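Asks: Dropping a structure here in structure tokens format, bear with me for questions.
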Amino acid sequence: RPVRSPCYLVSDTIWANQSNYGSSLPVNLRPARWRTNVILGSMTDRPTIVLAPQTPGFGNASSPRNVFKLHNTGRENDHMNQLLRSVNFAIGAGNPGAVGVFLHGAQGSSVQDVSVYMEDALAGFGGGGGAGASHLNIVAFGGQYGVLFAESEPGPVIAGGRFENQSVSAVEWKVTSTNAIGQGPLIVAGVEIVQAAGARGPAIASPTLYLIDATIRCDEQGGVAVSAGGYLQRVYVKGCLLTQNATRGSATGFTLINEMVAGDMWVDGERRT
């Protein structure tokens, strides 16, 4: 794994807590907006935070534990303007419940230029940045998921990234009864995905999806690029079924999906397929 010095060994979660969220004030006056944690690593030689193999507390995928968490102690929809940039993470084997970086944020909160190297960890990135928050230029190697968003503000965004060799899915957004209303689509742009041989899920799993300027490569026949409908533009697929029942992309070259709408869509108040 490409781990560089300086390295920092951790045995539990690093918290970047934002307090004084001020929920009774109008949203643009809440003090959390100006009381932020900003964590910046070197842009030329990123520091690496290391979780050693089989670290106690990170072994249960049903009860995930984050290596680094940006958090608002009041409520996450008041989680604003926090930033983690230019820091890498390396998660050793035997930590199947570990999530590298967790951010469930809103306006201005972001994870940028961060890479996570994993063996069997649950996910590189968790949470979900929407309503003005984002994940930008992120990279995940290995693990079960590159990105696993199980909660989010509306319209979570991933812009720029590479995800390689995940055993389940490169990106998954798990819409649940508590985050389904008004969440909008998962928005993914400018990413490259190399699906692991034998991956148990599609490269991107989301009930609604905007996917733009992406490449998805499946090195094993039977791989699926995306799980459901949505809007795709300038998406290159190689060796994958675009969806479960679609035509397979070329095994020797890339098939370009110039523009496509799949599934049921609402247009001018009418439901169309």
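Residues are named by chain letter and number: chains run A, B, ... in the order of the structure tokens, numbers start at 1 in each chain, and ligands are numbered from 1 in the order shown.
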Near Gly201 of chain A, counting only C-alpha atoms, which residues have an atom at most 9 Å away, once you skip same-chain residues fewer than 3 positions from it, shown as a JSON list (two decimals) with C-alpha atoms, in the first residue's frame?

Replies:
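Now in selection16.json:
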[["chain", "number", "residue", "atom", "x", "y", "z"],
["A", 167, "SER", "CA", -15.76, -6.50, -2.59],
["A", 168, "VAL", "CA", -19.38, -5.22, -2.60],
["A", 169, "SER", "CA", -19.83, -1.84, -4.35],
["A", 170, "ALA", "CA", -17.66, 1.14, -5.14],
["A", 198, "GLY", "CA", -16.55, -11.36, -7.75],
["A", 204, "ILE", "CA", -22.85, 2.10, -8.01],
["A", 205, "ALA", "CA", -25.93, 1.20, -5.95],
["A", 223, "GLY", "CA", -20.49, -7.29, -13.28],
["A", 224, "VAL", "CA", -23.18, -4.60, -13.16],
["A", 227, "SER", "CA", -28.33, -0.66, -9.82]]

Asks: Which residues of segment 33-99 of chain A sit at most 10 Å from segment 138-162 of chain A, using only C-alpha atoms? Give each one's shortest atom pair and distance in Å (one decimal place), in chain and ascending residue order, as CSV.

Replies:
residue,atom,partner,partner_atom,distance
A:Ala61,CA,A:Gln144,CA,9.9
A:Glu76,CA,A:Glu153,CA,8.3
A:Asn77,CA,A:Glu153,CA,6.7
A:Arg85,CA,A:Ile138,CA,9.8
A:Ser86,CA,A:Ile138,CA,9.8
A:Asn88,CA,A:Val139,CA,9.3
A:Phe89,CA,A:Ala140,CA,9.5
A:Ala90,CA,A:Phe141,CA,9.7
A:Ile91,CA,A:Gly143,CA,9.1
A:Ala93,CA,A:Gly143,CA,9.4
A:Asn95,CA,A:Gly143,CA,9.7
A:Pro96,CA,A:Gly143,CA,8.2
A:Gly97,CA,A:Gln144,CA,9.9
A:Ala98,CA,A:Gly143,CA,9.4
A:Val99,CA,A:Leu148,CA,8.8

Asks: Using only C-alpha atoms, which of the listed residues (A:Val116, A:Met80, A:Val50, A:Arg75) sits closest to Gly92 of chain A?

Replies: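 Among the listed residues, A:Val50 lies closest to Gly92 of chain A.
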
Asks: Could you tell me, as a PyMOL selection string, which residues of segment 11-166 of chain A DSSP assigns to strand (DSSP E or B) when given the backbone?

Replies: chain A and resi 14-18+38-40+48-51+65-72+83-85+88-91+98-105+110-118+123-129+134-141+145-149+157-164

Asks: Near segment 100-104 of chain A, within 9 Å and counting only C-alpha atoms, which residues show up once chain neighbours fewer than 4 positions away are dropped, as a count of residues only?

Replies: 37

Asks: Using only C-alpha atoms, which residue out of A:Ala199, A:Arg35, A:Ala214, A:Thr13 lies closest to Pro64 of chain A?

Replies: A:Thr13

Asks: My list of candidates is A:Gln107, A:Thr55, A:Asn17, A:Asp78. Which is closest to Pro31 of chain A when distances are computed with only C-alpha atoms?

Replies: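 Once distances to Pro31 of chain A are computed over only C-alpha atoms, the minimum belongs to A:Asp78.
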
Asks: I need the residue nearest Ser11 of chain A from this list: A:Asn37, A:Thr215, A:Thr44, A:Gln54. Use only C-alpha atoms for the distance.

Replies: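 Distance minimum relative to Ser11 of chain A lands on A:Gln54.
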